[in-house]
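Everything below belongs to structure01.txt, which stores compact mmCIF, C-alpha atoms and all ligand atoms.
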```txt
# COMPACT_ATOMS: atom_id res chain seq x y z
CA MET R 1335 23.68 125.61 202.21
CA ASP R 1336 25.15 126.48 205.64
CA GLN R 1337 26.87 123.55 207.28
CA ILE R 1338 26.05 123.26 210.94
CA ILE R 1339 29.27 122.94 212.85
CA THR R 1340 28.58 121.03 216.03
CA PRO R 1341 29.97 123.46 218.62
CA SER R 1342 32.81 121.91 220.52
CA ARG R 1343 32.43 121.65 224.24
CA HIS R 1344 36.14 122.17 224.76
CA ASN R 1345 37.56 124.82 222.41
CA SER R 1346 35.45 127.84 223.28
CA ILE R 1347 37.16 131.01 224.48
CA PHE R 1348 34.47 131.17 227.15
CA ILE R 1349 34.14 128.70 229.96
CA ASN R 1350 30.76 126.96 229.89
CA ALA R 1351 29.19 125.31 232.88
CA PRO R 1352 29.72 121.55 232.46
CA GLU R 1353 26.60 119.72 231.22
CA PRO R 1354 25.44 116.80 233.32
CA ASP R 1355 24.98 113.60 231.29
CA PHE R 1356 21.18 113.74 231.01
CA LEU R 1357 21.38 117.15 229.33
CA SER R 1358 24.40 116.32 227.24
CA ARG R 1359 22.71 113.20 225.82
CA ARG R 1360 19.65 115.20 224.91
CA VAL R 1361 21.58 117.91 223.04
CA ASP R 1362 23.86 115.32 221.37
CA GLY R 1363 20.69 113.61 220.14
CA TYR R 1364 19.71 116.77 218.24
CA TYR R 1365 23.09 117.11 216.53
CA ARG R 1366 23.28 113.39 215.73
CA GLU R 1367 19.68 112.52 214.73
CA ARG R 1368 18.52 115.70 213.16
CA VAL R 1369 21.58 117.61 211.91
CA GLN R 1370 23.83 114.72 210.87
CA ASN R 1371 21.50 111.84 210.05
CA THR R 1372 18.48 113.65 208.63
CA TRP R 1373 19.88 116.89 207.23
CA ASP R 1374 23.37 115.62 206.24
CA GLY R 1375 25.09 118.27 208.33
CA GLY R 1376 23.00 121.10 206.89
CA HIS R 1377 19.81 122.55 208.35
CA ILE R 1378 16.31 122.13 207.03
CA MET R 1379 15.44 125.72 208.03
CA ARG R 1380 18.46 127.34 206.43
CA GLY R 1381 18.57 127.38 202.68
CA ARG R 1382 19.76 130.18 200.40
CA THR R 1383 19.90 133.84 201.28
CA PRO R 1384 17.09 135.53 199.32
CA GLY R 1385 18.24 137.76 196.47
CA LYS R 1386 16.76 141.12 195.47
CA ASP R 1387 14.11 139.59 193.22
CA ALA R 1388 13.04 136.96 195.78
CA LEU R 1389 9.35 136.43 196.38
CA HIS R 1390 8.70 136.06 200.09
CA LEU R 1391 5.88 133.68 200.85
CA SER R 1392 7.04 132.98 204.37
CA SER R 1393 5.54 136.07 205.99
CA ASN R 1394 2.04 136.00 207.47
CA ASP R 1395 1.53 139.66 206.64
CA TYR R 1396 -1.50 138.64 204.57
CA LEU R 1397 -2.80 142.16 203.97
CA SER R 1398 0.68 143.56 203.19
CA LEU R 1399 0.59 146.10 206.02
CA SER R 1400 4.11 145.85 207.43
CA ARG R 1401 5.21 148.98 205.53
CA HIS R 1402 1.91 150.86 205.49
CA PRO R 1403 2.89 154.57 205.80
CA GLU R 1404 0.10 155.59 208.22
CA ILE R 1405 0.84 152.67 210.50
CA LEU R 1406 4.58 153.34 210.48
CA ARG R 1407 3.99 157.03 211.19
CA ALA R 1408 1.70 156.28 214.13
CA GLY R 1409 4.33 153.95 215.61
CA ALA R 1410 7.27 156.31 215.01
CA GLU R 1411 5.49 159.36 216.45
CA CYS R 1412 4.43 157.46 219.55
CA LEU R 1413 7.90 156.03 220.08
CA LEU R 1414 9.49 159.48 219.85
CA GLU R 1415 6.91 161.00 222.17
CA GLU R 1416 6.52 158.27 224.79
CA GLY R 1417 9.70 156.22 224.52
CA ASN R 1418 9.03 152.76 225.88
CA GLY R 1419 6.59 154.06 228.51
CA LEU R 1420 6.21 152.22 231.79
CA LEU R 1421 7.63 148.72 231.72
CA MET R 1422 5.32 146.57 233.79
CA SER R 1423 2.62 143.93 233.83
CA GLY R 1424 -0.74 144.95 232.35
CA ILE R 1425 -2.49 144.25 235.66
CA PHE R 1426 -1.30 147.65 236.91
CA LEU R 1427 -3.05 149.59 234.14
CA HIS R 1428 -6.37 151.27 234.82
CA GLY R 1429 -8.32 154.41 234.08
CA ASP R 1430 -7.89 156.29 230.84
CA ASN R 1431 -5.23 154.28 229.06
CA PRO R 1432 -4.54 153.67 225.32
CA LEU R 1433 -4.05 149.92 225.83
CA LEU R 1434 -7.39 149.52 227.62
CA ASP R 1435 -9.00 151.65 224.96
CA LEU R 1436 -7.55 149.40 222.24
CA GLU R 1437 -8.89 146.34 224.06
CA ARG R 1438 -12.38 147.84 223.89
CA ARG R 1439 -11.97 148.69 220.20
CA MET R 1440 -10.68 145.21 219.33
CA ALA R 1441 -13.56 143.57 221.21
CA HIS R 1442 -16.07 145.79 219.43
CA PHE R 1443 -14.45 144.96 216.08
CA MET R 1444 -14.85 141.23 216.76
CA GLU R 1445 -18.43 141.76 218.01
CA ALA R 1446 -17.50 140.73 221.54
CA GLU R 1447 -18.40 142.33 224.83
CA GLY R 1448 -14.82 142.30 226.12
CA GLY R 1449 -11.31 141.15 225.49
CA ILE R 1450 -7.71 141.38 226.57
CA LEU R 1451 -4.52 142.09 224.70
CA CYS R 1452 -1.73 139.59 225.28
CA GLN R 1453 1.97 139.64 224.46
CA SER R 1454 1.50 137.08 221.67
CA GLY R 1455 -0.93 134.54 220.28
CA PHE R 1456 1.03 131.89 222.17
CA ALA R 1457 0.49 133.75 225.46
CA ALA R 1458 -3.20 134.22 224.63
CA ASN R 1459 -3.76 130.48 224.14
CA THR R 1460 -1.69 129.25 227.07
CA GLY R 1461 -3.11 131.91 229.41
CA LEU R 1462 -6.68 131.18 228.37
CA LEU R 1463 -6.43 127.42 228.72
CA GLN R 1464 -4.69 127.69 232.04
CA SER R 1465 -7.61 129.88 233.23
CA ILE R 1466 -10.51 127.71 232.02
CA ALA R 1467 -9.34 124.10 232.32
CA SER R 1468 -7.99 121.99 235.14
CA GLU R 1469 -7.06 118.38 235.75
CA ASN R 1470 -10.65 117.16 235.62
CA THR R 1471 -11.55 118.96 232.41
CA PRO R 1472 -11.53 116.96 229.19
CA VAL R 1473 -10.16 119.23 226.48
CA TYR R 1474 -11.15 118.13 222.97
CA VAL R 1475 -8.54 119.30 220.54
CA ASP R 1476 -8.31 118.92 216.78
CA MET R 1477 -5.15 116.95 215.95
CA MET R 1478 -3.95 119.83 213.78
CA ALA R 1479 -4.65 122.60 216.30
CA HIS R 1480 -1.80 125.01 216.94
CA MET R 1481 0.93 123.96 219.38
CA SER R 1482 0.12 126.87 221.71
CA LEU R 1483 -3.31 125.33 222.37
CA TRP R 1484 -1.68 121.98 223.24
CA GLU R 1485 0.78 123.84 225.44
CA GLY R 1486 -2.18 125.52 227.17
CA ILE R 1487 -3.72 122.14 227.95
CA ARG R 1488 -0.39 121.05 229.38
CA SER R 1489 0.01 124.14 231.55
CA ALA R 1490 -3.56 123.71 232.84
CA GLY R 1491 -2.72 120.11 233.80
CA ALA R 1492 -5.90 119.14 231.91
CA ARG R 1493 -6.67 115.99 229.92
CA ALA R 1494 -6.12 116.33 226.16
CA VAL R 1495 -8.59 114.28 224.11
CA ALA R 1496 -7.62 114.53 220.46
CA PHE R 1497 -10.04 114.15 217.58
CA HIS R 1498 -9.27 113.55 213.89
CA HIS R 1499 -8.76 116.70 211.89
CA ASN R 1500 -12.09 118.37 211.05
CA ASP R 1501 -13.94 115.12 211.87
CA VAL R 1502 -17.09 116.21 213.71
CA GLU R 1503 -18.38 112.66 214.07
CA HIS R 1504 -15.18 111.60 215.82
CA LEU R 1505 -15.42 114.67 218.03
CA GLU R 1506 -18.96 113.69 219.02
CA ARG R 1507 -17.89 110.13 219.87
CA GLN R 1508 -15.15 111.51 222.09
CA VAL R 1509 -17.53 113.93 223.86
CA LEU R 1510 -20.06 111.15 224.45
CA LYS R 1511 -17.31 109.03 225.96
CA HIS R 1512 -15.63 111.64 228.18
CA GLY R 1513 -18.40 114.14 228.96
CA PRO R 1514 -18.75 117.93 228.60
CA GLY R 1515 -15.49 119.86 228.39
CA VAL R 1516 -13.64 122.44 226.33
CA ILE R 1517 -13.48 122.17 222.52
CA LEU R 1518 -10.45 123.70 220.79
CA VAL R 1519 -10.28 124.38 217.08
CA ASP R 1520 -8.50 126.78 214.71
CA SER R 1521 -10.81 128.55 212.26
CA VAL R 1522 -8.08 128.16 209.61
CA TYR R 1523 -5.35 125.59 210.19
CA SER R 1524 -1.90 127.09 210.01
CA THR R 1525 -0.06 124.21 208.38
CA ASN R 1526 -2.29 123.57 205.38
CA GLY R 1527 -4.95 126.30 205.19
CA SER R 1528 -7.88 123.95 205.73
CA VAL R 1529 -10.98 125.50 207.30
CA CYS R 1530 -12.81 124.24 210.36
CA PRO R 1531 -16.46 123.19 209.81
CA LEU R 1532 -17.34 125.79 212.44
CA ARG R 1533 -21.14 125.63 212.23
CA ASP R 1534 -21.12 121.87 212.89
CA VAL R 1535 -18.52 122.05 215.65
CA VAL R 1536 -20.38 124.87 217.37
CA ALA R 1537 -23.75 123.09 217.09
CA LEU R 1538 -22.20 119.96 218.60
CA GLY R 1539 -20.50 121.86 221.40
CA THR R 1540 -23.71 123.69 222.26
CA ARG R 1541 -25.72 120.46 222.21
CA HIS R 1542 -23.34 118.79 224.65
CA GLY R 1543 -22.80 121.73 227.01
CA CYS R 1544 -19.15 122.33 226.08
CA VAL R 1545 -17.07 125.51 226.17
CA LEU R 1546 -15.98 126.55 222.69
CA VAL R 1547 -12.61 128.12 221.90
CA VAL R 1548 -11.75 129.15 218.34
CA ASP R 1549 -8.25 130.31 217.42
CA GLU R 1550 -8.81 132.93 214.71
CA SER R 1551 -5.16 133.76 214.09
CA HIS R 1552 -5.45 133.10 210.36
CA SER R 1553 -8.94 134.53 209.83
CA LEU R 1554 -8.92 137.74 211.87
CA GLY R 1555 -8.45 140.64 209.47
CA THR R 1556 -8.76 138.40 206.42
CA HIS R 1557 -12.29 137.00 206.81
CA GLY R 1558 -15.58 138.81 207.23
CA LEU R 1559 -16.82 142.01 205.61
CA HIS R 1560 -14.53 144.21 207.70
CA GLY R 1561 -12.08 141.54 208.81
CA GLU R 1562 -13.98 140.68 211.98
CA GLY R 1563 -13.09 136.99 211.59
CA MET R 1564 -14.92 133.81 210.74
CA VAL R 1565 -16.96 133.32 213.91
CA ALA R 1566 -18.54 136.79 213.68
CA HIS R 1567 -18.96 136.46 209.93
CA LEU R 1568 -20.93 133.22 210.41
CA GLY R 1569 -23.06 134.79 213.16
CA LEU R 1570 -21.73 132.41 215.83
CA THR R 1571 -20.54 134.90 218.47
CA GLY R 1572 -23.47 133.99 220.75
CA GLN R 1573 -22.29 130.36 220.96
CA VAL R 1574 -18.49 130.62 220.94
CA HIS R 1575 -17.19 131.49 224.40
CA PHE R 1576 -13.65 132.48 223.46
CA ARG R 1577 -11.83 133.59 220.34
CA THR R 1578 -8.08 133.96 220.41
CA ALA R 1579 -5.79 135.42 217.78
CA SER R 1580 -2.17 136.15 217.09
CA LEU R 1581 -1.81 139.75 215.93
CA ALA R 1582 1.40 138.73 214.13
CA LYS R 1583 -0.53 137.66 211.02
CA ALA R 1584 -2.94 140.04 209.24
CA PHE R 1585 -2.30 142.67 211.95
CA ALA R 1586 1.43 142.47 211.19
CA GLY R 1587 2.39 143.29 214.79
CA ARG R 1588 3.61 141.46 217.87
CA ALA R 1589 0.68 140.70 220.16
CA GLY R 1590 -2.30 138.47 220.78
CA PHE R 1591 -5.94 138.94 221.71
CA ILE R 1592 -8.68 137.03 223.51
CA ALA R 1593 -12.27 138.04 222.73
CA CYS R 1594 -14.76 137.06 225.44
CA SER R 1595 -17.48 138.37 227.77
CA ALA R 1596 -16.81 141.51 229.85
CA ARG R 1597 -17.10 139.41 233.01
CA PHE R 1598 -14.44 137.00 231.79
CA SER R 1599 -12.04 139.69 230.55
CA GLU R 1600 -11.79 141.06 234.09
CA TYR R 1601 -11.30 137.55 235.54
CA ILE R 1602 -8.62 136.40 233.11
CA LYS R 1603 -6.52 139.51 233.54
CA TYR R 1604 -5.95 138.57 237.19
CA GLU R 1605 -5.94 134.78 236.72
CA SER R 1606 -3.71 133.97 233.77
CA ASN R 1607 0.02 133.67 234.36
CA PRO R 1608 1.18 135.44 231.17
CA SER R 1609 -1.08 138.37 232.05
CA ILE R 1610 0.16 138.66 235.63
CA PHE R 1611 3.79 137.63 235.32
CA SER R 1612 4.90 139.06 231.98
CA SER R 1613 5.21 142.70 230.90
CA THR R 1614 2.55 144.20 228.73
CA LEU R 1615 2.82 145.81 225.29
CA LEU R 1616 4.84 149.00 224.75
CA PRO R 1617 3.01 152.25 223.92
CA HIS R 1618 4.18 152.38 220.28
CA GLU R 1619 3.04 148.77 219.77
CA VAL R 1620 -0.41 149.81 220.98
CA ALA R 1621 -0.37 152.86 218.66
CA VAL R 1622 0.65 150.67 215.71
CA LEU R 1623 -2.09 148.11 216.40
CA GLY R 1624 -4.71 150.85 216.83
CA THR R 1625 -3.91 152.36 213.44
CA THR R 1626 -3.71 148.88 211.89
CA LEU R 1627 -7.22 148.21 213.14
CA ASP R 1628 -8.48 151.35 211.34
CA VAL R 1629 -6.72 150.29 208.15
CA ILE R 1630 -8.00 146.72 208.31
CA ARG R 1631 -11.59 147.92 208.76
CA SER R 1632 -11.48 150.51 206.01
CA GLU R 1633 -9.26 149.01 203.29
CA SER R 1634 -11.51 146.15 202.25
CA TRP R 1635 -9.83 146.00 198.87
CA ARG R 1636 -6.87 144.27 200.56
CA ARG R 1637 -9.11 141.40 201.67
CA ARG R 1638 -10.60 141.09 198.21
CA ARG R 1639 -7.15 141.05 196.58
CA LEU R 1640 -5.91 138.46 199.06
CA CYS R 1641 -8.87 136.23 198.42
CA ALA R 1642 -8.50 136.52 194.61
CA ASN R 1643 -4.73 135.96 194.75
CA ALA R 1644 -5.07 132.88 196.94
CA GLU R 1645 -7.80 131.41 194.79
CA TYR R 1646 -5.78 131.99 191.62
CA LEU R 1647 -2.66 130.29 193.01
CA ARG R 1648 -4.60 127.38 194.51
CA ARG R 1649 -6.29 126.76 191.16
CA ARG R 1650 -2.97 126.83 189.28
CA LEU R 1651 -1.20 124.51 191.71
CA ASP R 1652 -4.10 122.10 191.89
CA ALA R 1653 -4.11 121.86 188.07
CA LEU R 1654 -0.38 121.08 188.18
CA GLY R 1655 -1.14 118.01 190.28
CA TYR R 1656 -0.14 119.25 193.76
CA ASN R 1657 -2.28 117.97 196.62
CA LEU R 1658 -3.22 121.09 198.57
CA ASN R 1659 -4.88 119.06 201.34
CA GLY R 1660 -8.15 120.95 201.25
CA SER R 1661 -6.73 124.48 201.51
CA GLN R 1662 -9.49 127.04 201.00
CA THR R 1663 -7.50 130.02 202.16
CA GLN R 1664 -4.36 132.12 201.78
CA ILE R 1665 -2.26 129.31 203.30
CA ILE R 1666 -1.12 126.85 200.65
CA ALA R 1667 1.09 123.88 201.50
CA LEU R 1668 3.17 121.69 199.22
CA GLU R 1669 3.42 118.47 201.22
CA SER R 1670 6.68 116.84 200.19
CA GLY R 1671 6.65 114.23 202.98
CA SER R 1672 10.06 113.32 204.40
CA GLU R 1673 12.48 115.98 205.62
CA ARG R 1674 15.00 114.99 202.92
CA GLN R 1675 12.39 115.46 200.19
CA THR R 1676 11.46 118.77 201.75
CA ILE R 1677 15.05 120.00 201.57
CA VAL R 1678 15.06 119.09 197.84
CA LEU R 1679 11.80 121.01 197.38
CA ARG R 1680 13.07 124.00 199.35
CA ASP R 1681 16.26 124.15 197.25
CA ALA R 1682 14.37 123.84 193.96
CA LEU R 1683 12.00 126.67 194.89
CA GLU R 1684 14.68 128.91 196.34
CA ALA R 1685 16.89 128.45 193.25
CA ARG R 1686 13.98 130.10 191.40
CA GLY R 1687 13.64 132.87 193.98
CA ILE R 1688 10.56 131.46 195.74
CA PHE R 1689 10.91 131.47 199.54
CA GLY R 1690 8.26 129.68 201.59
CA SER R 1691 8.35 128.32 205.14
CA VAL R 1692 9.59 124.84 205.91
CA PHE R 1693 7.30 122.93 208.28
CA CYS R 1694 8.45 119.64 209.76
CA ALA R 1695 8.05 117.76 213.05
CA PRO R 1696 6.99 118.86 215.62
CA ALA R 1697 4.90 121.31 213.54
CA THR R 1698 3.68 118.43 211.33
CA ALA R 1699 3.40 114.68 211.70
CA LYS R 1700 6.75 112.94 211.15
CA ASN R 1701 6.61 112.17 207.44
CA ARG R 1702 4.31 114.98 206.43
CA ALA R 1703 6.81 117.82 206.17
CA LEU R 1704 5.91 120.59 203.77
CA ILE R 1705 6.70 124.01 202.41
CA ARG R 1706 4.03 126.54 203.28
CA LEU R 1707 3.32 129.38 200.89
CA SER R 1708 1.53 132.31 202.56
CA VAL R 1709 -0.17 134.42 199.92
CA ASN R 1710 -0.51 138.19 200.43
CA SER R 1711 -2.60 140.94 198.92
CA ALA R 1712 0.34 142.75 197.26
CA LEU R 1713 1.32 139.89 194.93
CA THR R 1714 0.76 140.79 191.30
CA GLU R 1715 -0.58 138.41 188.67
CA ALA R 1716 2.89 138.25 187.12
CA GLU R 1717 4.35 137.23 190.49
CA LEU R 1718 1.69 134.59 191.00
CA ASP R 1719 2.45 133.29 187.51
CA ARG R 1720 6.13 133.18 188.43
CA ILE R 1721 5.35 131.06 191.50
CA ALA R 1722 3.10 128.72 189.51
CA GLY R 1723 5.72 128.54 186.73
CA ALA R 1724 8.41 127.56 189.22
CA CYS R 1725 6.12 124.90 190.72
CA ARG R 1726 5.44 123.56 187.22
CA ASP R 1727 9.13 123.39 186.29
CA ILE R 1728 10.36 121.64 189.43
CA ARG R 1729 7.91 118.75 189.45
CA GLU R 1730 10.38 116.17 188.11
CA GLU R 1731 13.34 117.51 190.03
CA VAL R 1732 11.45 117.17 193.33
CA ASP R 1733 9.80 113.88 192.32
CA MET R 1734 6.36 115.31 192.99
CA ALA R 1735 4.57 112.37 191.33
CA ASN R 1736 5.90 110.03 194.02
CA TRP R 1737 5.09 112.08 197.11
CA ALA R 1738 2.62 110.30 199.39
CA SER R 1739 0.41 113.40 199.24
CA THR R 1740 0.29 113.25 195.42
CA ARG R 1741 -0.61 109.56 195.54
CA ARG R 1742 -3.44 110.34 197.97
CA LYS R 1743 -4.75 112.94 195.57
CA SER R 1744 -4.60 110.50 192.63
CA ALA R 1745 -6.33 107.81 194.68
CA ARG R 1746 -9.09 110.25 195.55
CA ALA R 1747 -9.56 111.23 191.92
CA ALA R 1748 -9.78 107.56 190.90
CA VAL R 1749 -12.69 106.82 193.27
CA PRO R 1750 -15.96 107.78 191.57
CA LEU R 1751 -18.24 109.95 193.67
CA HIS R 1752 -21.63 108.48 194.59
CA GLY R 1753 -24.01 109.15 191.75
CA ALA R 1754 -21.24 110.43 189.48
CA ALA R 1755 -21.95 107.71 186.93
CA ALA R 1756 -25.59 108.70 186.75
CA ALA R 1757 -24.69 112.39 186.40
C1 LIG R 1801 -3.08 129.28 214.83
C2 LIG R 1801 -2.01 129.99 215.61
N1 LIG R 1801 -2.22 130.28 216.90
C3 LIG R 1801 -1.30 130.91 217.65
C4 LIG R 1801 -0.07 131.28 217.13
C5 LIG R 1801 0.96 131.93 218.00
O1 LIG R 1801 1.01 133.29 217.67
P1 LIG R 1801 2.24 134.23 218.03
O2 LIG R 1801 3.24 134.07 216.95
O3 LIG R 1801 1.64 135.61 218.07
O4 LIG R 1801 2.73 133.80 219.36
C6 LIG R 1801 0.19 131.02 215.77
C7 LIG R 1801 1.48 131.41 215.18
O5 LIG R 1801 2.24 130.64 214.70
C8 LIG R 1801 -0.79 130.35 215.00
O6 LIG R 1801 -0.58 130.04 213.72
```

What is this file in structure tokens?
Ligand SMILES: Cc1ncc(COP(=O)(O)O)c(C=O)c1O
Amino acid sequence: MDQIITPSRHNSIFINAPEPDFLSRRVDGYYRERVQNTWDGGHIMRGRTPGKDALHLSSNDYLSLSRHPEILRAGAECLLEEGNGLLMSGIFLHGDNPLLDLERRMAHFMEAEGGILCQSGFAANTGLLQSIASENTPVYVDMMAHMSLWEGIRSAGARAVAFHHNDVEHLERQVLKHGPGVILVDSVYSTNGSVCPLRDVVALGTRHGCVLVVDESHSLGTHGLHGEGMVAHLGLTGQVHFRTASLAKAFAGRAGFIACSARFSEYIKYESNPSIFSSTLLPHEVAVLGTTLDVIRSESWRRRRLCANAEYLRRRLDALGYNLNGSQTQIIALESGSERQTIVLRDALEARGIFGSVFCAPATAKNRALIRLSVNSALTEAELDRIAGACRDIREEVDMANWASTRRKSARAAVPLHGAAAA
């Protein structure tokens, strides 16, 4: 494991601007509390270097498109022909333009009237929130919603009202207490793969006159007959005002999207700070995303494979005793708990060539760190068996039986369901 050498403030060959005390204390805190005390001088994010036979479960390229020949060709040809195009904010684009054309195609794909491309999913969420909420708006946000949604609330100066994860009754109590506002949920939660009870949340939001925002980053491309996402698949487009998505997941690119009404797409383009004050996508990125959209619509077998692979691995891991915290999707988390335990888990998996993503605070609650395994459509049965085999073999080494998450699972299993005795 790499040791993190605390950079000296005095021996650099370059001359740094002196840090005032308030900044120095803050940075020292990171090196002392996190690097030295919690990670023993190592780094929770830096384990082994993957070998040739490594299985990468850290990428969100769910449909295995990052090396798709047609997509690569479209990008390469456009780059050679157009270079990097005109480098400027998207607000200057109009008329017959490939980016505007792609916005129309993406909106159509998601069964929306309009939409805008953003530089990232993070920019989509912060820009949207900043354009629809203000200091008097209560914003109801699932406790496990993505950080970019929380950041959006902050940049809007709005009031965040959190509700327990996927707890619609708690959400309703909060709405009754604070009044109509904006409801923020992820369709699929990025840390543990749990799914939002969308029908219930949408019914509640509609009943109470709220604006509904669903982040579809982990369901766009993967859910729905053609990958149109969960909201469209459930027939809820007429009640959900905004859908946002990172296109750095199933779309395997670097962009974000907001699906909305035509009226709103015009407004947000000239109202949201990331849209006005940050440069838009490059021509070859637009070409890549356009071809990716064609592939996602037409190659349904990738979605089917992804779904089957994820289900197979979830079933195997569940049978081995891991608590998957309600994952119903391609995101599967092994919740080891403390950061120290998570380093042990990371090392045990990586020693067997299995590379997932470490999640710890601030991406999770303090003692609920985990390793996330993102399943993809290209994994073979033998590879899935290898992952499950590694997870079986490491259970003692990582002390899986004593994780808090495992104990929660055992406690749940010990409580008889209502009517179970009669059945
Ligand atoms: C649910 C969710 N929303 C938004 C984002 C931000 O997306 P991007 O990486 O494109 O900025 C992510 C990515 O981590 C995500 O998981």

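Among the candidates R:Phe1591, R:Cys1544, R:Gly1563, R:Asn1371, the residue lying nearest to Leu1615 (chain R) is R:Phe1591 (atoms considered: only C-alpha atoms).
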
Can you sort out the box for ligand LIG 1801 (chain R), edges along x, y and z, all listed atoms in, 6 Å on every side, with centre and edge lengths in Å to one decimal, as lines of an AutoDock Vina configuration file?
```
center_x = 0.1
center_y = 132.4
center_z = 216.5
size_x = 18.3
size_y = 18.3
size_z = 17.6
```

Could you give me, as JSON lines, a per-residue list for chain R showing, wherever an atom lies at most 10 Å from an atom of ligand LIG 1801 (chain R), the closest pair of atoms and their distance in Å to one decimal, using only C-alpha atoms and all ligand atoms and sorting by chain then residue number from low to high?
```
{"residue": "R:Asn1394", "atom": "CA", "partner": "R:LIG1801", "partner_atom": "C7", "distance": 9.0}
{"residue": "R:Cys1452", "atom": "CA", "partner": "R:LIG1801", "partner_atom": "O3", "distance": 8.9}
{"residue": "R:Gln1453", "atom": "CA", "partner": "R:LIG1801", "partner_atom": "O3", "distance": 7.6}
{"residue": "R:Ser1454", "atom": "CA", "partner": "R:LIG1801", "partner_atom": "O3", "distance": 3.9}
{"residue": "R:Gly1455", "atom": "CA", "partner": "R:LIG1801", "partner_atom": "O1", "distance": 3.5}
{"residue": "R:Phe1456", "atom": "CA", "partner": "R:LIG1801", "partner_atom": "O4", "distance": 3.8}
{"residue": "R:Ala1457", "atom": "CA", "partner": "R:LIG1801", "partner_atom": "O4", "distance": 6.5}
{"residue": "R:Ala1458", "atom": "CA", "partner": "R:LIG1801", "partner_atom": "O4", "distance": 7.9}
{"residue": "R:Asn1459", "atom": "CA", "partner": "R:LIG1801", "partner_atom": "C3", "distance": 7.0}
{"residue": "R:Thr1460", "atom": "CA", "partner": "R:LIG1801", "partner_atom": "C3", "distance": 9.6}
{"residue": "R:Met1478", "atom": "CA", "partner": "R:LIG1801", "partner_atom": "C1", "distance": 9.5}
{"residue": "R:Ala1479", "atom": "CA", "partner": "R:LIG1801", "partner_atom": "C1", "distance": 7.0}
{"residue": "R:His1480", "atom": "CA", "partner": "R:LIG1801", "partner_atom": "C1", "distance": 4.9}
{"residue": "R:Met1481", "atom": "CA", "partner": "R:LIG1801", "partner_atom": "N1", "distance": 7.5}
{"residue": "R:Ser1482", "atom": "CA", "partner": "R:LIG1801", "partner_atom": "C3", "distance": 5.9}
{"residue": "R:Leu1483", "atom": "CA", "partner": "R:LIG1801", "partner_atom": "N1", "distance": 7.5}
{"residue": "R:Val1519", "atom": "CA", "partner": "R:LIG1801", "partner_atom": "C1", "distance": 9.0}
{"residue": "R:Asp1520", "atom": "CA", "partner": "R:LIG1801", "partner_atom": "C1", "distance": 6.0}
{"residue": "R:Ser1521", "atom": "CA", "partner": "R:LIG1801", "partner_atom": "C1", "distance": 8.2}
{"residue": "R:Val1522", "atom": "CA", "partner": "R:LIG1801", "partner_atom": "C1", "distance": 7.3}
{"residue": "R:Tyr1523", "atom": "CA", "partner": "R:LIG1801", "partner_atom": "C1", "distance": 6.3}
{"residue": "R:Ser1524", "atom": "CA", "partner": "R:LIG1801", "partner_atom": "O6", "distance": 4.9}
{"residue": "R:Thr1525", "atom": "CA", "partner": "R:LIG1801", "partner_atom": "O6", "distance": 7.9}
{"residue": "R:Val1548", "atom": "CA", "partner": "R:LIG1801", "partner_atom": "C1", "distance": 9.4}
{"residue": "R:Asp1549", "atom": "CA", "partner": "R:LIG1801", "partner_atom": "C1", "distance": 5.9}
{"residue": "R:Glu1550", "atom": "CA", "partner": "R:LIG1801", "partner_atom": "C1", "distance": 6.8}
{"residue": "R:Ser1551", "atom": "CA", "partner": "R:LIG1801", "partner_atom": "C1", "distance": 5.0}
{"residue": "R:His1552", "atom": "CA", "partner": "R:LIG1801", "partner_atom": "C1", "distance": 6.3}
{"residue": "R:Ser1553", "atom": "CA", "partner": "R:LIG1801", "partner_atom": "C1", "distance": 9.3}
{"residue": "R:Thr1578", "atom": "CA", "partner": "R:LIG1801", "partner_atom": "N1", "distance": 7.8}
{"residue": "R:Ala1579", "atom": "CA", "partner": "R:LIG1801", "partner_atom": "N1", "distance": 6.3}
{"residue": "R:Ser1580", "atom": "CA", "partner": "R:LIG1801", "partner_atom": "O3", "distance": 4.0}
{"residue": "R:Leu1581", "atom": "CA", "partner": "R:LIG1801", "partner_atom": "O3", "distance": 5.8}
{"residue": "R:Ala1582", "atom": "CA", "partner": "R:LIG1801", "partner_atom": "O3", "distance": 5.0}
{"residue": "R:Lys1583", "atom": "CA", "partner": "R:LIG1801", "partner_atom": "O3", "distance": 7.7}
{"residue": "R:Ala1586", "atom": "CA", "partner": "R:LIG1801", "partner_atom": "O3", "distance": 9.7}
{"residue": "R:Gly1587", "atom": "CA", "partner": "R:LIG1801", "partner_atom": "O3", "distance": 8.4}
{"residue": "R:Arg1588", "atom": "CA", "partner": "R:LIG1801", "partner_atom": "O3", "distance": 6.2}
{"residue": "R:Ala1589", "atom": "CA", "partner": "R:LIG1801", "partner_atom": "O3", "distance": 5.6}
{"residue": "R:Gly1590", "atom": "CA", "partner": "R:LIG1801", "partner_atom": "O3", "distance": 5.6}
{"residue": "R:Phe1591", "atom": "CA", "partner": "R:LIG1801", "partner_atom": "O3", "distance": 9.0}
{"residue": "R:Ala1697", "atom": "CA", "partner": "R:LIG1801", "partner_atom": "O5", "distance": 9.8}
```

Quick one: residues within 12 Å of Thr1540 (chain R), all atoms listed in the file counted, chain neighbours fewer than 6 positions away excluded, as a PyMOL selection string? chain R and resi 1506+1509+1514-1517+1532-1534+1546-1547+1570+1572-1575

CA of Ile1450 (chain R) and CA of Leu1413 (chain R) are how many Å apart? 22.4 Å

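The smallest atom-to-atom distance between Arg1380 (chain R) and any of R:His1402, R:Arg1439, R:His1618, R:Arg1680, using all atoms listed in the file, is found for R:Arg1680.
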